[in-house]
Amino acid sequence: MRLSSSFILFVVAFFISISYSLSAQDREFGDVRIADFFNYDQSYDSTSPAIALFDVAKVHFDDRYNVYMQRHTRLKILNESGLDYGNIELVFDRDIDQHINDVRAVTYTMDKGNLKRSEISRKDVFEEKLVEDIYAKKFTMPNVEKGAILEYSYQKKLGNPFYLPDWEFHKEIPVQHSSIYLRIPWRFKYHMVFKGTDTHYITRSGSLKQAYENEYFIEISKDSLPPVEDLPFIDSRDNFISKVFTQLNFAYRDNGSKIEYLKDWEKISDEIRSHRNIGKQKTNREIRAKVEELTQGMTSKIEKMKKIFEFTSTYLSFNGRHQVISEKGIRDTFRDKTGSSGDINILLYKMLEEAGIDASYGLMSTRSNGLVLTDYPIINQFNHIVAIVELGGRVFTLDATEGKRSVFLPPVKNLYQFAYVVQDDSYGWYEVVPSQESETNSVLSYEIDLSGKAKAEWTNTSIGYPAQSRRNLLTAGNMEDATKGMLKEIENVHIDTVIIRGMGNYDNTAVHFTQFSFDMFNGDSLREVNYFNPFVFLADQENLLEAPTREFPLYFPYPIKESKSIIIKIPQEYMIDELPASTTVSMPDNKGMFSLQVSSTDSNIRITSEFFINKMFYEVGDYEKLREMFLELAASHSKTVVIKKINQN
């Protein structure tokens, strides 16, 4: 079962006519009291680095209908690992005339029962360009220490009425109180969508009489919020964070006529086709010449697609910024060889179009950005755009932001997310899935001599995403150095031979073969009794699912199948005294399995470890059995083989 609109709590368009007024819950800046150092949920002292005492925002419009947000945050540092919360970064976008001012920040500490106050000055706040037009105001809170209370506030100009802010209530640390209070001129009506797993909100609303223009207010708050942390195999924290999205629904002119803004998906698709930074982007002579050069002599559309995709994914450098538009423009992107995901993938789309390949725009939310609510046409859910091509009965999701790769393997950040696909005359939804299975097979064979040294051969065969990872590793530098990095846990390793196959063709199997020698026993010769881990560097000894219980579902990057075969030959002067026991742990309905099979003859040992995860998504109810499988994997890979000298008497 996928998370979908079942995670939406409720949707409401506010048409307020209530005639009472309530002010937002708030504390004045600087009214910190000694009691605040103790008046919080102290059960978090041993489990969380910090706790947010409150995080509140007030939003208002000026007389020109610019939107401003005043934010006030107060948190307490609980232990040494929370000291980084004293480094503050406030991001804004100059391209839409955003700016941040009125920054105030104070650290409060206790000194012999007295409250001590340390305040930053204006010169302590500096501005830094992050990428393109994205900037940040940065500062470090003074005298941050365990037990300190940090307080800061600022005003941010957000932009025109389309930029009413979204609000996240949860953080990665616990939050005692979070609220947003919006004062909105009567003429603007907003559509709001609440998302998350926590169903309890406190909402208040009413009308406000103002001298220049009547307003209405909305206050939304939540209390006693547990942390939403990054856990192993969690698709996105964003899916579990309580959040409110806003989008301008309609506005009234002075004469009372209404302007509609909230679109359905069909209207949004029309706008994407005609958007000057998406559908209306134009190629130039240089781009057209490059397409002609790349595809010259080709008749197969699939081969043309692969060639153009290979070019864009290697020629263009991703600047790390995800966007649904080409703000820079595809001509400048081609010239500069760098850009955002919107710049790069819209250029890719246009090059495919020039080659006569029918492509569609796919607007997406990356996995870290959270799931899209497909029932609600809110465009700011998306943070990414790709090119979708259907050829030969297959659908290809082309994203050129992560370097050279197979067209069958979209970047993991896109997997199992829904793309809003905009075609020439229609639209639809497509769940991005890999077109190739992911599998890894390792065979490690080694022979131990009396001096305690071993001669070994290791063959790693992989396809799909593991092959992609291995290609990236091996092509990033010297093959032998990269191989040494994989064998770094072995004592005194000496590599004799490295052979790789299938590195150039990203659609095929990758093979990595290595011959090497190493010390099995830290340079010592064999003793009367010897213990060793048969998996050597291939052991998976860390259990990734340590917690006995779990509150959130599990998301794996993709279905996984992994096999490891270990073949060991021991000297004839020795006998096998102890071996790991064979074991199997399997999940119902073939959802997953771990198996360890062990066999031996007089001087030969064979161990086969097989592990597979057949799904990407697992319910909380699957956790116990899944954890058992991971526990057994780690335990089995930690067990030792014992060999002892044969008594010749």
# chains A, B, ... in the order shown; residues from 1 in each chain; ligands from 1
>>> residues_around(residues="Trp265 of chain A", least_positions_apart="6", cutoff="10 Å", atoms="only C-alpha atoms", output="PDB file with C-alpha atoms, in the first residue's frame")
ATOM      1  CA  GLU A 271      -0.135  26.746 -18.587  1.00  0.00           C
ATOM      2  CA  THR A 374      -2.619  13.972  -6.781  1.00  0.00           C
ATOM      3  CA  ASP A 375      -6.184  14.889  -5.807  1.00  0.00           C
ATOM      4  CA  TYR A 376      -5.287  18.530  -5.239  1.00  0.00           C
ATOM      5  CA  PRO A 377      -3.977  20.765  -8.052  1.00  0.00           C
ATOM      6  CA  ILE A 378      -1.383  22.641  -6.025  1.00  0.00           C
ATOM      7  CA  ILE A 379       1.623  23.329  -8.220  1.00  0.00           C
ATOM      8  CA  TYR A 420       2.434  14.688 -13.517  1.00  0.00           C
ATOM      9  CA  VAL A 422       1.986  16.881 -19.621  1.00  0.00           C
ATOM     10  CA  TYR A 427      -2.145  15.031 -19.168  1.00  0.00           C
ATOM     11  CA  GLY A 428      -1.921  12.079 -16.800  1.00  0.00           C
TER      12      GLY A 428
END
>>> residues_around(residues="Lys290 of chain A", least_positions_apart="6", cutoff="12 Å", atoms="only C-alpha atoms", output="list in words")
Thr283, Asn284, Gln296, Lys307, Ile308, Phe311, Thr312, Tyr315, Phe334, Arg335, Leu348, Lys350, Met351, Leu352, Glu354 and Ala355 of chain A
>>> write_last_selection(atoms="N, CA and C atoms", output="JSON list (two decimals), in the first residue's frame")
[["chain", "number", "residue", "atom", "x", "y", "z"],
["A", 283, "THR", "N", 15.10, 26.41, -28.83],
["A", 283, "THR", "CA", 16.49, 26.06, -29.13],
["A", 283, "THR", "C", 17.09, 27.14, -30.03],
["A", 284, "ASN", "N", 18.39, 27.07, -30.20],
["A", 284, "ASN", "CA", 19.06, 27.97, -31.14],
["A", 284, "ASN", "C", 19.89, 27.15, -32.13],
["A", 296, "GLN", "N", 23.36, 11.88, -36.32],
["A", 296, "GLN", "CA", 23.63, 11.70, -37.76],
["A", 296, "GLN", "C", 23.78, 10.22, -38.11],
["A", 307, "LYS", "N", 21.51, 8.51, -27.22],
["A", 307, "LYS", "CA", 22.65, 9.36, -27.55],
["A", 307, "LYS", "C", 22.47, 10.77, -26.99],
["A", 308, "ILE", "N", 21.28, 11.32, -27.14],
["A", 308, "ILE", "CA", 21.01, 12.66, -26.63],
["A", 308, "ILE", "C", 21.06, 12.66, -25.10],
["A", 311, "PHE", "N", 24.62, 12.51, -23.92],
["A", 311, "PHE", "CA", 25.28, 13.81, -24.07],
["A", 311, "PHE", "C", 24.89, 14.76, -22.95],
["A", 312, "THR", "N", 23.59, 14.93, -22.73],
["A", 312, "THR", "CA", 23.16, 15.91, -21.72],
["A", 312, "THR", "C", 23.59, 15.51, -20.32],
["A", 315, "TYR", "N", 27.62, 16.11, -20.46],
["A", 315, "TYR", "CA", 28.08, 17.45, -20.87],
["A", 315, "TYR", "C", 27.65, 18.51, -19.87],
["A", 334, "PHE", "N", 22.98, 25.57, -22.16],
["A", 334, "PHE", "CA", 23.83, 24.89, -23.13],
["A", 334, "PHE", "C", 25.19, 25.56, -23.24],
["A", 335, "ARG", "N", 25.18, 26.89, -23.22],
["A", 335, "ARG", "CA", 26.44, 27.63, -23.32],
["A", 335, "ARG", "C", 27.30, 27.47, -22.08],
["A", 348, "LEU", "N", 17.07, 18.97, -22.30],
["A", 348, "LEU", "CA", 17.00, 17.58, -22.78],
["A", 348, "LEU", "C", 15.72, 17.35, -23.56],
["A", 350, "LYS", "N", 13.85, 19.52, -25.15],
["A", 350, "LYS", "CA", 13.87, 20.25, -26.42],
["A", 350, "LYS", "C", 14.81, 19.60, -27.44],
["A", 351, "MET", "N", 15.91, 19.02, -26.96],
["A", 351, "MET", "CA", 16.82, 18.32, -27.88],
["A", 351, "MET", "C", 16.16, 17.05, -28.41],
["A", 352, "LEU", "N", 15.43, 16.34, -27.56],
["A", 352, "LEU", "CA", 14.68, 15.17, -28.03],
["A", 352, "LEU", "C", 13.65, 15.58, -29.08],
["A", 354, "GLU", "N", 13.81, 18.13, -31.07],
["A", 354, "GLU", "CA", 14.54, 18.45, -32.31],
["A", 354, "GLU", "C", 14.89, 17.20, -33.09],
["A", 355, "ALA", "N", 15.09, 16.08, -32.38],
["A", 355, "ALA", "CA", 15.45, 14.82, -33.04],
["A", 355, "ALA", "C", 14.22, 14.04, -33.50]]
>>> closest_residue(among="A:Asp223, A:Asp424, A:Glu89, A:Glu439", to="Tyr40 of chain A", atoms="only C-alpha atoms")
A:Asp223
>>> residues_around(residues="Val372 of chain A", least_positions_apart="6", cutoff="10 Å", atoms="only C-alpha atoms", output="list of chain:residue names")
A:Leu3, A:Ser4, A:Ser5, A:Asn239, A:Met364, A:Ser365, A:Thr366, A:Ile378, A:Ile379, A:Asn380, A:Gln381, A:Phe382, A:Gln417, A:Phe418, A:Ala419, A:Tyr420
>>> residues_around(residues="Thr73 of chain A", least_positions_apart="4", cutoff="7 Å", atoms="only C-alpha atoms", output="list of chain:residue names")
A:Phe54, A:Asp55, A:Val56, A:Glu151, A:Tyr152, A:Ser153
>>> write_last_selection(atoms="C-alpha atoms", output="PDB file, in the first residue's frame")
ATOM      1  CA  PHE A  54       7.906  27.369  20.474  1.00  0.00           C
ATOM      2  CA  ASP A  55       8.098  28.301  16.800  1.00  0.00           C
ATOM      3  CA  VAL A  56       5.524  30.871  15.698  1.00  0.00           C
ATOM      4  CA  GLU A 151      15.909  32.811  20.884  1.00  0.00           C
ATOM      5  CA  TYR A 152      15.834  34.539  17.518  1.00  0.00           C
ATOM      6  CA  SER A 153      13.363  36.425  15.354  1.00  0.00           C
TER       7      SER A 153
END
>>> residues_around(residues="Asn214 of chain A", least_positions_apart="4", cutoff="6 Å", atoms="only C-alpha atoms", output="list in words")
Trp186, Lys209 and Gln210 of chain A
>>> write_last_selection(atoms="all heavy atoms", output="compact mmCIF listing (two decimals), in the first residue's frame")
# COMPACT_ATOMS: atom_id res chain seq x y z
N TRP A 186 -9.48 41.12 2.83
CA TRP A 186 -10.75 40.48 2.50
C TRP A 186 -10.81 40.00 1.06
O TRP A 186 -11.49 39.04 0.73
CB TRP A 186 -11.91 41.44 2.75
CG TRP A 186 -11.91 42.62 1.80
CD1 TRP A 186 -11.28 43.80 1.97
CD2 TRP A 186 -12.56 42.68 0.52
NE1 TRP A 186 -11.46 44.62 0.88
CE2 TRP A 186 -12.25 43.95 -0.03
CE3 TRP A 186 -13.35 41.80 -0.22
CZ2 TRP A 186 -12.71 44.37 -1.27
CZ3 TRP A 186 -13.82 42.22 -1.47
CH2 TRP A 186 -13.50 43.49 -1.98
N LYS A 209 -11.54 44.43 11.70
CA LYS A 209 -11.88 45.74 11.16
C LYS A 209 -10.62 46.60 11.12
O LYS A 209 -9.95 46.77 12.13
CB LYS A 209 -12.94 46.42 12.03
CG LYS A 209 -14.27 45.66 12.10
CD LYS A 209 -15.00 45.71 10.77
CE LYS A 209 -16.37 45.06 10.90
NZ LYS A 209 -17.10 45.08 9.61
N GLN A 210 -10.28 47.06 9.92
CA GLN A 210 -9.10 47.89 9.76
C GLN A 210 -9.51 49.23 9.13
O GLN A 210 -10.51 49.32 8.42
CB GLN A 210 -8.07 47.19 8.87
CG GLN A 210 -7.59 45.86 9.42
CD GLN A 210 -6.77 46.01 10.68
OE1 GLN A 210 -6.15 47.04 10.91
NE2 GLN A 210 -6.80 44.98 11.53
>>> atom_distance(atom1="atom CA of His99 of chain A", atom2="atom CA of Asp124 of chain A")
17.4 Å
>>> atom_distance(atom1="atom CA of Tyr349 of chain A", atom2="atom CA of Tyr558 of chain A")
26.0 Å
>>> select_by_dssp(residues="segment 557-627 of chain A", states="helix (DSSP H, G or I)", output="ChimeraX atom specification")
/A:588-590,620-627
>>> write_last_selection(atoms="C-alpha atoms", output="PDB file, in the first residue's frame")
ATOM      1  CA  PRO A 588       5.300 -13.972   4.459  1.00  0.00           C
ATOM      2  CA  ASP A 589       4.145 -13.591   0.853  1.00  0.00           C
ATOM      3  CA  ASN A 590       7.721 -13.713  -0.442  1.00  0.00           C
ATOM      4  CA  VAL A 620       4.842  -0.859  10.117  1.00  0.00           C
ATOM      5  CA  GLY A 621       3.296  -4.315  10.668  1.00  0.00           C
ATOM      6  CA  ASP A 622       6.106  -5.854   8.598  1.00  0.00           C
ATOM      7  CA  TYR A 623       8.801  -4.348  10.801  1.00  0.00           C
ATOM      8  CA  GLU A 624       9.161  -7.148  13.354  1.00  0.00           C
ATOM      9  CA  LYS A 625       9.814  -9.841  10.759  1.00  0.00           C
ATOM     10  CA  LEU A 626      11.942  -7.543   8.623  1.00  0.00           C
ATOM     11  CA  ARG A 627      14.064  -6.649  11.646  1.00  0.00           C
TER      12      ARG A 627
END
